[in-house]
file target09.cif (mmCIF, C-alpha atoms and all ligand atoms)
data_upload
loop_
_atom_site.label_atom_id
_atom_site.label_comp_id
_atom_site.auth_asym_id
_atom_site.auth_seq_id
_atom_site.Cartn_x
_atom_site.Cartn_y
_atom_site.Cartn_z
CA MET A 1 1.69 -18.95 12.05
CA GLU A 2 2.88 -15.56 13.22
CA ILE A 3 0.85 -12.38 13.51
CA ILE A 4 2.84 -9.31 12.54
CA ASN A 5 1.62 -5.86 13.50
CA ARG A 6 4.54 -3.62 12.58
CA ARG A 7 5.24 -2.53 9.03
CA PRO A 8 9.07 -2.49 9.32
CA ARG A 9 9.01 -6.04 10.70
CA MET A 10 6.76 -7.16 7.82
CA ALA A 11 9.07 -5.52 5.29
CA SER A 12 12.24 -7.02 6.73
CA LEU A 13 10.70 -10.47 6.95
CA ALA A 14 9.57 -10.24 3.31
CA ARG A 15 13.11 -9.13 2.34
CA LYS A 16 14.53 -12.18 4.11
CA LEU A 17 12.06 -14.48 2.34
CA ARG A 18 13.00 -13.00 -1.02
CA ARG A 19 16.70 -13.55 -0.27
CA GLU A 20 15.83 -17.21 0.39
CA ASN A 21 14.16 -17.29 -3.05
CA LYS A 22 10.77 -18.02 -1.56
CA ILE A 23 7.74 -17.31 -3.71
CA ILE A 24 5.58 -14.94 -1.66
CA GLY A 25 1.80 -14.80 -1.99
CA LEU A 26 -0.29 -12.01 -0.48
CA VAL A 27 -4.02 -12.24 0.18
CA PRO A 28 -5.18 -8.74 1.15
CA THR A 29 -8.36 -8.75 3.26
CA MET A 30 -10.25 -6.66 5.76
CA GLY A 31 -10.87 -9.73 7.91
CA ALA A 32 -14.28 -11.23 8.80
CA LEU A 33 -13.15 -14.07 6.61
CA HIS A 34 -15.62 -16.25 4.69
CA GLU A 35 -15.43 -18.98 2.05
CA GLY A 36 -14.62 -16.40 -0.62
CA HIS A 37 -11.43 -15.34 1.19
CA LEU A 38 -10.54 -18.94 1.94
CA SER A 39 -10.70 -19.81 -1.75
CA LEU A 40 -8.04 -17.11 -2.29
CA VAL A 41 -5.94 -18.60 0.48
CA LYS A 42 -6.22 -22.08 -1.07
CA GLU A 43 -5.14 -20.71 -4.45
CA ALA A 44 -2.23 -18.88 -2.79
CA LYS A 45 -1.12 -22.04 -0.98
CA GLN A 46 -0.98 -23.86 -4.29
CA ARG A 47 1.16 -21.29 -6.04
CA CYS A 48 3.43 -19.92 -3.33
CA ASP A 49 6.04 -21.07 -0.80
CA VAL A 50 4.92 -18.54 1.78
CA VAL A 51 1.42 -17.12 2.19
CA ILE A 52 0.76 -13.83 3.96
CA VAL A 53 -2.81 -12.73 4.66
CA SER A 54 -3.19 -9.08 5.51
CA ILE A 55 -6.09 -8.10 7.75
CA PHE A 56 -6.67 -4.39 7.85
CA VAL A 57 -9.99 -2.58 7.97
CA ASN A 58 -8.95 0.32 5.81
CA PRO A 59 -10.55 3.60 6.95
CA ALA A 60 -9.60 5.32 3.70
CA GLN A 61 -12.01 3.22 1.63
CA PHE A 62 -15.11 3.90 3.72
CA ASN A 63 -17.26 6.88 2.85
CA GLU A 64 -18.94 7.01 6.18
CA GLY A 65 -17.30 6.77 9.55
CA LYS A 66 -20.18 4.71 10.90
CA ASP A 67 -19.70 2.01 8.21
CA PHE A 68 -16.03 1.82 9.18
CA ALA A 69 -16.92 1.60 12.85
CA LYS A 70 -19.48 -1.15 12.37
CA TYR A 71 -17.36 -3.26 9.98
CA PRO A 72 -17.03 -6.71 11.63
CA ARG A 73 -13.69 -7.38 13.32
CA ASP A 74 -12.68 -10.78 14.66
CA LEU A 75 -8.92 -11.23 14.54
CA THR A 76 -9.04 -14.20 16.91
CA GLY A 77 -11.61 -16.06 14.79
CA ASP A 78 -9.82 -15.16 11.55
CA ALA A 79 -6.48 -16.30 12.96
CA ALA A 80 -7.97 -19.63 14.01
CA LEU A 81 -9.31 -20.19 10.48
CA LEU A 82 -6.03 -19.22 8.86
CA THR A 83 -4.10 -21.55 11.17
CA GLU A 84 -6.28 -24.38 9.86
CA TYR A 85 -5.32 -23.38 6.34
CA GLN A 86 -1.65 -23.32 7.28
CA VAL A 87 -1.12 -19.72 6.40
CA ASP A 88 2.40 -18.59 7.33
CA TYR A 89 1.84 -15.00 8.42
CA ILE A 90 -0.97 -12.59 9.18
CA PHE A 91 -0.09 -8.96 8.69
CA ALA A 92 -2.50 -7.04 10.91
CA PRO A 93 -1.27 -3.46 11.27
CA SER A 94 -3.03 -0.75 13.24
CA THR A 95 -4.45 2.29 11.44
CA GLN A 96 -1.58 4.37 12.83
CA GLU A 97 0.92 1.89 11.40
CA ILE A 98 -0.43 2.40 7.88
CA TYR A 99 -1.57 6.02 8.04
CA GLY A 100 1.00 7.54 10.34
CA GLU A 101 1.03 11.14 11.45
CA GLY A 102 1.07 13.58 8.55
CA PHE A 103 0.06 10.92 6.03
CA SER A 104 -0.83 12.72 2.81
CA THR A 105 -0.01 10.55 -0.21
CA TYR A 106 -2.89 8.84 -2.01
CA VAL A 107 -3.07 6.75 -5.15
CA TYR A 108 -5.78 7.72 -7.58
CA VAL A 109 -6.46 5.52 -10.60
CA GLU A 110 -8.10 7.64 -13.29
CA ASN A 111 -10.98 6.55 -15.51
CA LEU A 112 -11.78 3.30 -13.73
CA THR A 113 -12.92 4.64 -10.41
CA GLU A 114 -15.80 7.09 -10.91
CA THR A 115 -18.44 4.78 -12.36
CA LEU A 116 -20.28 1.70 -11.02
CA GLU A 117 -19.27 1.33 -7.35
CA GLY A 118 -17.26 4.56 -7.50
CA ALA A 119 -20.41 6.52 -8.34
CA SER A 120 -22.10 5.68 -5.06
CA ARG A 121 -18.93 5.44 -2.99
CA PRO A 122 -16.82 8.51 -3.81
CA GLY A 123 -13.20 8.09 -2.76
CA HIS A 124 -13.62 4.36 -2.14
CA PHE A 125 -11.18 3.25 -4.83
CA ARG A 126 -8.66 5.91 -3.88
CA GLY A 127 -8.61 4.26 -0.45
CA VAL A 128 -8.32 0.78 -1.94
CA ALA A 129 -5.58 1.79 -4.38
CA THR A 130 -3.63 3.55 -1.65
CA VAL A 131 -3.69 0.70 0.84
CA VAL A 132 -2.93 -1.93 -1.79
CA THR A 133 0.05 0.15 -2.94
CA ILE A 134 1.31 0.34 0.64
CA LEU A 135 0.86 -3.42 1.07
CA PHE A 136 2.63 -4.16 -2.22
CA ASN A 137 5.49 -1.82 -1.31
CA THR A 138 5.87 -3.35 2.14
CA ILE A 139 5.71 -7.00 1.11
CA ARG A 140 6.58 -6.95 -2.61
CA PRO A 141 4.71 -10.23 -3.18
CA ASP A 142 5.26 -12.36 -6.27
CA PHE A 143 1.52 -13.00 -6.44
CA ALA A 144 -1.47 -11.20 -4.95
CA PHE A 145 -4.92 -12.74 -4.86
CA PHE A 146 -8.25 -10.98 -5.31
CA GLY A 147 -11.83 -12.16 -5.82
CA GLN A 148 -13.71 -11.65 -9.07
CA LYS A 149 -16.74 -10.60 -7.04
CA ASP A 150 -15.20 -7.14 -6.74
CA ALA A 151 -14.68 -6.87 -10.49
CA GLN A 152 -14.09 -3.12 -10.48
CA GLN A 153 -11.54 -3.45 -7.68
CA VAL A 154 -9.75 -6.07 -9.78
CA ALA A 155 -9.65 -3.72 -12.79
CA VAL A 156 -8.30 -0.89 -10.60
CA ILE A 157 -5.63 -3.06 -8.99
CA LYS A 158 -4.48 -4.55 -12.29
CA ARG A 159 -4.17 -1.03 -13.69
CA LEU A 160 -2.19 0.33 -10.74
CA THR A 161 0.08 -2.73 -10.69
CA GLN A 162 0.94 -2.13 -14.32
CA ASP A 163 1.18 1.66 -14.09
CA LEU A 164 3.33 1.73 -10.95
CA GLY A 165 5.54 -1.13 -12.17
CA PHE A 166 4.98 -3.59 -9.34
CA ASP A 167 6.59 -6.94 -9.94
CA THR A 168 3.47 -8.70 -8.63
CA GLU A 169 1.20 -10.95 -10.62
CA ILE A 170 -2.48 -10.40 -9.88
CA ILE A 171 -4.44 -13.64 -9.61
CA VAL A 172 -8.21 -13.39 -9.76
CA ALA A 173 -10.20 -16.21 -8.19
CA PRO A 174 -13.76 -17.02 -9.30
CA ILE A 175 -16.77 -15.88 -7.29
CA VAL A 176 -17.68 -18.31 -4.52
CA ARG A 177 -21.42 -18.78 -4.21
CA GLU A 178 -23.78 -20.20 -1.66
CA GLU A 179 -25.90 -23.12 -2.81
CA SER A 180 -28.67 -20.69 -3.80
CA GLY A 181 -26.28 -18.84 -6.11
CA LEU A 182 -25.86 -15.85 -3.79
CA ALA A 183 -22.28 -14.59 -3.99
CA MET A 184 -20.39 -14.88 -0.69
CA SER A 185 -19.86 -11.50 0.94
CA SER A 186 -19.37 -10.16 4.43
CA ARG A 187 -22.45 -8.00 3.73
CA ASN A 188 -24.68 -11.09 3.53
CA ALA A 189 -24.60 -11.16 7.32
CA HIS A 190 -26.77 -8.00 7.29
CA LEU A 191 -29.56 -9.70 5.31
CA SER A 192 -32.68 -11.01 7.06
CA GLN A 193 -33.56 -14.60 6.29
CA GLU A 194 -36.20 -13.46 3.83
CA GLU A 195 -33.82 -11.05 2.10
CA ARG A 196 -31.12 -13.67 1.89
CA TYR A 197 -33.52 -16.05 0.20
CA ALA A 198 -34.68 -13.31 -2.17
CA ALA A 199 -31.11 -12.22 -3.02
CA ALA A 200 -30.52 -15.44 -4.94
CA ILE A 201 -32.44 -13.70 -7.75
CA ILE A 202 -29.27 -11.74 -8.63
CA TYR A 203 -27.47 -14.84 -9.81
CA GLN A 204 -30.56 -16.03 -11.63
CA GLY A 205 -30.64 -12.69 -13.45
CA LEU A 206 -26.99 -12.96 -14.45
CA ARG A 207 -27.57 -16.50 -15.63
CA GLN A 208 -30.31 -15.28 -17.96
CA ALA A 209 -27.71 -13.18 -19.76
CA LYS A 210 -25.23 -16.04 -19.96
CA ILE A 211 -27.85 -18.41 -21.35
CA ALA A 212 -29.02 -15.84 -23.90
CA MET A 213 -25.40 -15.26 -24.97
CA ARG A 214 -24.91 -19.00 -25.38
CA GLU A 215 -28.00 -19.06 -27.54
CA GLY A 216 -26.57 -16.33 -29.77
CA GLU A 217 -27.97 -13.07 -28.36
CA ARG A 218 -25.46 -10.24 -28.96
CA ASN A 219 -27.61 -7.20 -28.34
CA VAL A 220 -26.39 -5.53 -25.16
CA THR A 221 -29.67 -3.73 -24.47
CA LYS A 222 -31.54 -7.01 -24.70
CA LEU A 223 -29.07 -8.84 -22.47
CA SER A 224 -29.27 -6.11 -19.88
CA ALA A 225 -33.10 -6.11 -20.08
CA LEU A 226 -33.16 -9.84 -19.42
CA VAL A 227 -31.15 -9.41 -16.24
CA ARG A 228 -33.32 -6.48 -15.14
CA GLU A 229 -36.56 -8.34 -15.81
CA LYS A 230 -35.49 -11.34 -13.78
CA ILE A 231 -34.21 -9.33 -10.82
CA GLU A 232 -37.29 -7.09 -10.84
CA SER A 233 -39.47 -10.18 -10.57
CA GLU A 234 -38.35 -10.31 -6.93
CA PRO A 235 -40.38 -7.74 -4.94
CA LEU A 236 -37.65 -7.24 -2.31
CA ALA A 237 -35.00 -6.33 -4.89
CA ARG A 238 -34.20 -2.67 -5.69
CA ILE A 239 -31.78 -2.39 -8.59
CA ASP A 240 -29.10 0.25 -8.22
CA TYR A 241 -27.41 -0.45 -11.57
CA ILE A 242 -26.98 -3.06 -14.26
CA ALA A 243 -23.98 -2.26 -16.43
CA VAL A 244 -22.57 -4.03 -19.44
CA VAL A 245 -18.93 -2.98 -19.73
CA ASP A 246 -15.53 -3.95 -21.04
CA ASN A 247 -13.93 -6.06 -18.31
CA GLU A 248 -10.64 -4.16 -18.42
CA THR A 249 -11.52 -0.54 -19.17
CA LEU A 250 -15.01 -0.69 -17.59
CA GLU A 251 -16.24 1.40 -20.55
CA PRO A 252 -19.88 0.70 -21.41
CA ILE A 253 -20.20 -1.35 -24.55
CA ASP A 254 -23.04 -1.40 -27.00
CA LYS A 255 -21.94 -4.34 -29.11
CA ILE A 256 -20.42 -7.65 -28.09
CA ALA A 257 -17.28 -8.18 -30.13
CA GLU A 258 -13.84 -9.48 -29.21
CA ASN A 259 -13.38 -7.80 -25.82
CA THR A 260 -14.25 -9.58 -22.58
CA VAL A 261 -17.64 -8.37 -21.42
CA LEU A 262 -18.65 -7.94 -17.81
CA ILE A 263 -22.20 -7.57 -16.58
CA ALA A 264 -22.00 -5.88 -13.19
CA VAL A 265 -24.96 -5.31 -10.93
CA ALA A 266 -25.71 -3.67 -7.61
CA VAL A 267 -29.01 -4.48 -5.94
CA ARG A 268 -30.44 -3.45 -2.60
CA PHE A 269 -32.35 -5.73 -0.30
CA GLY A 270 -33.64 -3.64 2.56
CA LYS A 271 -30.66 -1.68 3.89
CA THR A 272 -28.09 -4.02 2.36
CA ARG A 273 -26.53 -3.29 -1.00
CA LEU A 274 -25.09 -6.32 -2.79
CA ILE A 275 -22.89 -6.47 -5.86
CA ASP A 276 -22.34 -9.34 -8.24
CA ASN A 277 -21.18 -9.86 -11.79
CA ALA A 278 -20.63 -12.29 -14.59
CA ILE A 279 -18.29 -12.43 -17.53
CA ILE A 280 -20.52 -13.44 -20.37
CA ASN A 281 -18.27 -14.14 -23.30
CA ARG A 282 -15.52 -16.32 -21.92
CA LYS A 283 -15.48 -20.09 -22.38
CA SER A 284 -14.95 -20.95 -18.70
CA ASN A 285 -17.61 -18.79 -17.06
CA ASN A 286 -17.70 -18.51 -13.29
O1 LIG B 1 -11.42 -6.42 -0.96
C1 LIG B 1 -11.07 -6.01 0.17
O2 LIG B 1 -11.28 -6.65 1.18
C2 LIG B 1 -10.37 -4.67 0.30
O3 LIG B 1 -10.89 -3.75 -0.60
C3 LIG B 1 -8.83 -4.77 0.16
C4 LIG B 1 -8.43 -5.22 -1.23
C5 LIG B 1 -8.29 -5.73 1.20
C6 LIG B 1 -8.20 -3.40 0.40
O4 LIG B 1 -8.51 -2.91 1.66
#

call {"tool": "encode", "arguments": {"input": "target09.cif", "output": "structure tokens"}}
result
Amino acid sequence: MEIINRRPRMASLARKLRRENKIIGLVPTMGALHEGHLSLVKEAKQRCDVVIVSIFVNPAQFNEGKDFAKYPRDLTGDAALLTEYQVDYIFAPSTQEIYGEGFSTYVYVENLTETLEGASRPGHFRGVATVVTILFNTIRPDFAFFGQKDAQQVAVIKRLTQDLGFDTEIIVAPIVREESGLAMSSRNAHLSQEERYAAAIIYQGLRQAKIAMREGERNVTKLSALVREKIESEPLARIDYIAVVDNETLEPIDKIAENTVLIAVAVRFGKTRLIDNAIINRKSNN
């Protein structure tokens, strides 16, 4: 496995791989890898000849400088894990390498980025869309892998891939959960033991909606109320939002019909804000 820091080197290597007709898979990450990321790597290994994992803590997607500064960084640990998984390359550029002097071009995806996570993190998706565009342009992967846990990010990236004409197929891997049902996230590390235990209520809430759907409930207000009721039964949980939206457009829906429906939630436990979601009207639910 090779660690590449320079963008021109990454681009020329990717060009060479394409000339050799290799199928290139990209797993974009910000490092601090956990089981969720590794599931993306496993999926990439299955589909691609060459797997590149990018590790870049992207300043443009943080609203507050202190969150960016305290984001966990462990390139040595991450590299050791990725060696075990036989990843071919890590692309780990510096901030300067991505946002060089005079950088002033950003990618803004309209409509999908102001609600849900975008409402409490202004500019976040502009940062995500910009860095993903740069990564796609540099590597031009055949496949790129993202986790369903960040459902809004997935919707934004699918939109930009289509709108900007990238020849990259977006693969979305199911949410990886701890035994309790808590979705894997680098933020879980900030939870106290008590909060971590309590946070399993989120999945239980989402399951209420899935079960009710299976039993024939189609009223969105009722489904949403079931999730709320369950989560609110946990005294440590503070709900930020529960949204029932179209999985692609993220428009709120009031009636379950043909479109794929996403229930997305954000819940605080102490200082930590967790997100999770479930698709409730698909046969193979995650
Ligand atoms: O999901 C993440 O880790 C980041 O948002 C991504 C996609 C790597 C862009 O920085």

call {"tool": "residues_around", "arguments": {"input": "target09.cif", "residues": "Val244 in chain A", "least_positions_apart": "5", "cutoff": "9 Å", "atoms": "all atoms listed in the file", "output": "ChimeraX atom specification"}}
result
/A:220-221,223-224,250-254,261-265

call {"tool": "atom_distance", "arguments": {"input": "target09.cif", "atom1": "CA of Val131 in chain A", "atom2": "CA of Tyr99 in chain A"}}
result
9.2 Å

call {"tool": "closest_residue", "arguments": {"input": "target09.cif", "among": "A:Thr83, A:Gln148, A:Gln96, A:Gln61", "to": "Pro122 in chain A", "atoms": "all atoms listed in the file"}}
result
A:Gln61

call {"tool": "residues_around", "arguments": {"input": "target09.cif", "residues": "range 22-28 of chain A", "least_positions_apart": "3", "cutoff": "8 Å", "atoms": "all atoms listed in the file", "output": "list of chain:residue names"}}
result
A:Ala14, A:Leu17, A:Arg18, A:Arg19, A:Leu40, A:Val41, A:Ala44, A:Lys45, A:Arg47, A:Cys48, A:Asp49, A:Val50, A:Val51, A:Ile52, A:Val53, A:Ser54, A:Ile55, A:Val132, A:Ile139, A:Pro141, A:Asp142, A:Phe143, A:Ala144, A:Phe145, A:Phe146

call {"tool": "closest_atom_pairs", "arguments": {"input": "target09.cif", "of": "chain A", "to": "ligand LIG 1 (chain B)", "cutoff": "7 Å", "atoms": "only C-alpha atoms and all ligand atoms", "output": "tab-separated table"}}
result
residue	atom	partner	partner_atom	distance
A:Pro28	CA	B:LIG1	C5	4.3
A:Thr29	CA	B:LIG1	C5	3.7
A:Met30	CA	B:LIG1	O2	4.7
A:Phe56	CA	B:LIG1	O4	6.6
A:Val57	CA	B:LIG1	O4	6.5
A:Asn58	CA	B:LIG1	O4	5.3
A:Val128	CA	B:LIG1	C6	4.8
A:Val131	CA	B:LIG1	O4	6.1
A:Val132	CA	B:LIG1	C6	5.9
A:Asp150	CA	B:LIG1	O1	6.9

call {"tool": "closest_residue", "arguments": {"input": "target09.cif", "among": "A:Ala243, A:Ala225, A:Val109, A:Ala199", "to": "Asp163 in chain A", "atoms": "all atoms listed in the file"}}
result
A:Val109

call {"tool": "closest_residue", "arguments": {"input": "target09.cif", "among": "A:Asn277, A:Gly216, A:Asn247, A:Asp240", "to": "Gln204 in chain A", "atoms": "only C-alpha atoms"}}
result
A:Asn277

call {"tool": "atom_distance", "arguments": {"input": "target09.cif", "atom1": "CA of Ala119 in chain A", "atom2": "CA of Gly205 in chain A"}}
result
22.4 Å

call {"tool": "closest_residue", "arguments": {"input": "target09.cif", "among": "A:Phe166, A:Phe62, A:Tyr71, A:Tyr241", "to": "Ile275 in chain A", "atoms": "all atoms listed in the file"}}
result
A:Tyr241

call {"tool": "closest_residue", "arguments": {"input": "target09.cif", "among": "A:Arg126, A:Arg6, A:Arg187, A:Lys42", "to": "Ala60 in chain A", "atoms": "all atoms listed in the file"}}
result
A:Arg126

call {"tool": "atom_distance", "arguments": {"input": "target09.cif", "atom1": "CA of Arg196 in chain A", "atom2": "CA of Val267 in chain A"}}
result
12.3 Å

call {"tool": "residues_around", "arguments": {"input": "target09.cif", "residues": "Ala212 in chain A", "least_positions_apart": "5", "cutoff": "10 Å", "atoms": "all atoms listed in the file", "output": "PyMOL selection string"}}
result
chain A and resi 207+217-219+222-223+226+280

call {"tool": "closest_residue", "arguments": {"input": "target09.cif", "among": "A:Val107, A:Ile134, A:Ala129, A:Leu116", "to": "Met10 in chain A", "atoms": "all atoms listed in the file"}}
result
A:Ile134

call {"tool": "decode", "arguments": {"input": "target09.cif", "residues": "range 20-41 of chain A", "atoms": "N, CA and C atoms", "output": "PDB file, in the first residue's frame"}}
result
ATOM      1  N   GLU A  20      -4.561   1.112 -18.037  1.00  0.00           N
ATOM      2  CA  GLU A  20      -4.416  -0.349 -17.872  1.00  0.00           C
ATOM      3  C   GLU A  20      -5.772  -1.033 -17.714  1.00  0.00           C
ATOM      4  N   ASN A  21      -6.836  -0.259 -17.942  1.00  0.00           N
ATOM      5  CA  ASN A  21      -8.216  -0.778 -17.841  1.00  0.00           C
ATOM      6  C   ASN A  21      -8.590  -1.310 -16.462  1.00  0.00           C
ATOM      7  N   LYS A  22      -7.974  -0.756 -15.447  1.00  0.00           N
ATOM      8  CA  LYS A  22      -8.303  -1.165 -14.084  1.00  0.00           C
ATOM      9  C   LYS A  22      -9.598  -0.462 -13.642  1.00  0.00           C
ATOM     10  N   ILE A  23     -10.406  -1.192 -12.920  1.00  0.00           N
ATOM     11  CA  ILE A  23     -11.613  -0.581 -12.348  1.00  0.00           C
ATOM     12  C   ILE A  23     -11.211   0.049 -11.020  1.00  0.00           C
ATOM     13  N   ILE A  24     -11.415   1.369 -10.936  1.00  0.00           N
ATOM     14  CA  ILE A  24     -10.938   2.113  -9.757  1.00  0.00           C
ATOM     15  C   ILE A  24     -12.100   2.411  -8.815  1.00  0.00           C
ATOM     16  N   GLY A  25     -11.896   2.068  -7.536  1.00  0.00           N
ATOM     17  CA  GLY A  25     -12.894   2.388  -6.510  1.00  0.00           C
ATOM     18  C   GLY A  25     -12.327   3.409  -5.551  1.00  0.00           C
ATOM     19  N   LEU A  26     -13.138   4.417  -5.224  1.00  0.00           N
ATOM     20  CA  LEU A  26     -12.712   5.436  -4.253  1.00  0.00           C
ATOM     21  C   LEU A  26     -13.617   5.386  -3.029  1.00  0.00           C
ATOM     22  N   VAL A  27     -12.981   5.338  -1.861  1.00  0.00           N
ATOM     23  CA  VAL A  27     -13.726   5.459  -0.603  1.00  0.00           C
ATOM     24  C   VAL A  27     -13.286   6.764   0.050  1.00  0.00           C
ATOM     25  N   PRO A  28     -14.094   7.823  -0.079  1.00  0.00           N
ATOM     26  CA  PRO A  28     -13.685   9.096   0.533  1.00  0.00           C
ATOM     27  C   PRO A  28     -13.975   9.080   2.031  1.00  0.00           C
ATOM     28  N   THR A  29     -12.988   9.466   2.828  1.00  0.00           N
ATOM     29  CA  THR A  29     -13.185   9.499   4.288  1.00  0.00           C
ATOM     30  C   THR A  29     -12.452  10.713   4.865  1.00  0.00           C
ATOM     31  N   MET A  30     -12.738  10.949   6.135  1.00  0.00           N
ATOM     32  CA  MET A  30     -11.960  11.957   6.864  1.00  0.00           C
ATOM     33  C   MET A  30     -11.085  11.259   7.898  1.00  0.00           C
ATOM     34  N   GLY A  31     -10.869   9.964   7.713  1.00  0.00           N
ATOM     35  CA  GLY A  31     -10.024   9.214   8.639  1.00  0.00           C
ATOM     36  C   GLY A  31     -10.769   8.830   9.905  1.00  0.00           C
ATOM     37  N   ALA A  32     -10.002   8.514  10.973  1.00  0.00           N
ATOM     38  CA  ALA A  32     -10.581   7.989  12.224  1.00  0.00           C
ATOM     39  C   ALA A  32     -11.516   6.824  11.882  1.00  0.00           C
ATOM     40  N   LEU A  33     -10.969   5.892  11.153  1.00  0.00           N
ATOM     41  CA  LEU A  33     -11.794   4.855  10.536  1.00  0.00           C
ATOM     42  C   LEU A  33     -12.426   3.915  11.559  1.00  0.00           C
ATOM     43  N   HIS A  34     -13.676   3.545  11.298  1.00  0.00           N
ATOM     44  CA  HIS A  34     -14.388   2.567  12.134  1.00  0.00           C
ATOM     45  C   HIS A  34     -15.045   1.531  11.218  1.00  0.00           C
ATOM     46  N   GLU A  35     -15.799   0.628  11.852  1.00  0.00           N
ATOM     47  CA  GLU A  35     -16.423  -0.468  11.092  1.00  0.00           C
ATOM     48  C   GLU A  35     -17.248   0.027   9.897  1.00  0.00           C
ATOM     49  N   GLY A  36     -17.873   1.179  10.068  1.00  0.00           N
ATOM     50  CA  GLY A  36     -18.689   1.724   8.978  1.00  0.00           C
ATOM     51  C   GLY A  36     -17.837   1.954   7.736  1.00  0.00           C
ATOM     52  N   HIS A  37     -16.673   2.607   7.927  1.00  0.00           N
ATOM     53  CA  HIS A  37     -15.774   2.850   6.787  1.00  0.00           C
ATOM     54  C   HIS A  37     -15.285   1.522   6.212  1.00  0.00           C
ATOM     55  N   LEU A  38     -14.977   0.592   7.122  1.00  0.00           N
ATOM     56  CA  LEU A  38     -14.393  -0.671   6.650  1.00  0.00           C
ATOM     57  C   LEU A  38     -15.393  -1.466   5.820  1.00  0.00           C
ATOM     58  N   SER A  39     -16.673  -1.297   6.118  1.00  0.00           N
ATOM     59  CA  SER A  39     -17.678  -1.976   5.290  1.00  0.00           C
ATOM     60  C   SER A  39     -17.660  -1.400   3.868  1.00  0.00           C
ATOM     61  N   LEU A  40     -17.358  -0.103   3.749  1.00  0.00           N
ATOM     62  CA  LEU A  40     -17.253   0.508   2.417  1.00  0.00           C
ATOM     63  C   LEU A  40     -16.029  -0.042   1.687  1.00  0.00           C
ATOM     64  N   VAL A  41     -14.947  -0.199   2.459  1.00  0.00           N
ATOM     65  CA  VAL A  41     -13.716  -0.726   1.863  1.00  0.00           C
ATOM     66  C   VAL A  41     -13.950  -2.159   1.357  1.00  0.00           C
TER      67      VAL A  41
END
